Amino acid sequence: FSTLQTGLMMTPLPLMLGVVAPISGTLADRFGSHWLSPIGLAIACFGLFLLSQIDIHSSALDIILRLGVTGFGQGMFQSPNTRTMMSAAAQNEQGEASGLLSTGRVIGQSLSVALTGTVFVGLGGAAAGTLLVAQRAHNLALVNISAVQSTFISGFHAAFLVCALFAALGIFTAVARGKGAAVAKRV
């Protein structure tokens, strides 16, 4: 896909997140977030699993739908999770709690990129990708292009499966935090 097509195809993830997050936040305020957070994370986990199954034959629509599922799940998870975390702090400690939450989010994002990148590189995906781009740009004849493509796809699949695994662990963490999240604050 071209750079423009790739950018447009990735739009559904943040778009779904932006549409669903305010709705899930409202639902969390009304009904509590004890089940919304883990359900949202389970949907995001499923979306990551679906993304791990993308291959050379996947259509643009197929990729868009998988990214949409992931974005929907993230949107459903983030607002209730933030509500739970912020409501655990006393009123006079909300600023500190917000700072810690933001710091934790950035650290988690950084570690996930580092971990999945390590898995992708470790399985030869990055080197295979470099060979494939060079082959395409310079019309080089690779002796066994299907093996290089297979290496790239295997690294890609493994990286997304690692993401899905950590999201699955997060589901149990979200459920285990207790019934305190189920009590909604009435305004």
# chains A, B, ... in the order shown; residues from 1 in each chain; ligands from 1
$ select_by_dssp --residues "segment 40-148 of chain A" --states "alpha helix (DSSP H)" --output "PyMOL selection string"
chain A and resi 40-52+60-87+94-122+125-138+145-148
$ residues_around --residues "Ile43 of chain A" --least-positions-apart "5" --cutoff "9 Å" --atoms "only C-alpha atoms" --output "ChimeraX atom specification"
/A:38,48,69-74,76-77
$ write_last_selection --atoms "C-alpha atoms" --output "PDB file, in the first residue's frame"
ATOM      1  CA  PRO A  38     -12.136  -5.848  31.310  1.00  0.00           C
ATOM      2  CA  LEU A  48      -4.840  -7.614  18.438  1.00  0.00           C
ATOM      3  CA  VAL A  69     -12.201  -3.756  16.526  1.00  0.00           C
ATOM      4  CA  THR A  70      -8.958  -2.933  18.339  1.00  0.00           C
ATOM      5  CA  GLY A  71      -9.851   0.770  18.548  1.00  0.00           C
ATOM      6  CA  PHE A  72     -13.351  -0.031  19.786  1.00  0.00           C
ATOM      7  CA  GLY A  73     -11.923  -2.174  22.571  1.00  0.00           C
ATOM      8  CA  GLN A  74      -9.339   0.424  23.551  1.00  0.00           C
ATOM      9  CA  MET A  76     -14.229   0.957  25.802  1.00  0.00           C
ATOM     10  CA  PHE A  77     -11.327   0.220  28.175  1.00  0.00           C
TER      11      PHE A  77
END
$ residues_around --residues "Gly68 of chain A" --least-positions-apart "2" --cutoff "8 Å" --atoms "only C-alpha atoms" --output "list in words"
Pro12, Leu13, Met16, Gly47, Ile64, Leu65, Arg66, Thr70, Gly71 and Phe72 of chain A
$ residues_around --residues "segment 53-55 of chain A" --least-positions-apart "5" --cutoff "9 Å" --atoms "only C-alpha atoms" --output "list in words"
Leu48, Asp62, Ile63, Arg66, Ile153, Phe156, His157 and Phe160 of chain A
$ closest_residue --among "A:Thr26, A:Thr11, A:Thr116, A:Gln5" --to "Val162 of chain A" --atoms "only C-alpha atoms"
A:Thr116
$ atom_distance --atom1 "atom CA of Arg105 of chain A" --atom2 "atom CA of Arg30 of chain A"
24.8 Å
$ closest_residue --among "A:Cys163, A:Gly124, A:Leu101, A:Ser58" --to "Ala88 of chain A" --atoms "only C-alpha atoms"
A:Leu101
$ residues_around --residues "Ala21 of chain A" --least-positions-apart "3" --cutoff "7 Å" --atoms "only C-alpha atoms" --output "list of chain:residue names"
A:Leu17, A:Gly18, A:Ser24, A:Gly25, A:Gly75, A:Met76, A:Gln78, A:Ser79
$ closest_residue --among "A:Thr103, A:Thr151, A:Ser52, A:Ser37" --to "Thr84 of chain A" --atoms "only C-alpha atoms"
A:Ser37
$ closest_residue --among "A:Met9, A:Leu27, A:Ala158, A:Ala44" --to "Gly170 of chain A" --atoms "only C-alpha atoms"
A:Ala44
$ atom_distance --atom1 "atom CA of Gly122 of chain A" --atom2 "atom CA of Leu161 of chain A"
14.4 Å
$ atom_distance --atom1 "atom CA of Val121 of chain A" --atom2 "atom CA of Cys45 of chain A"
22.3 Å
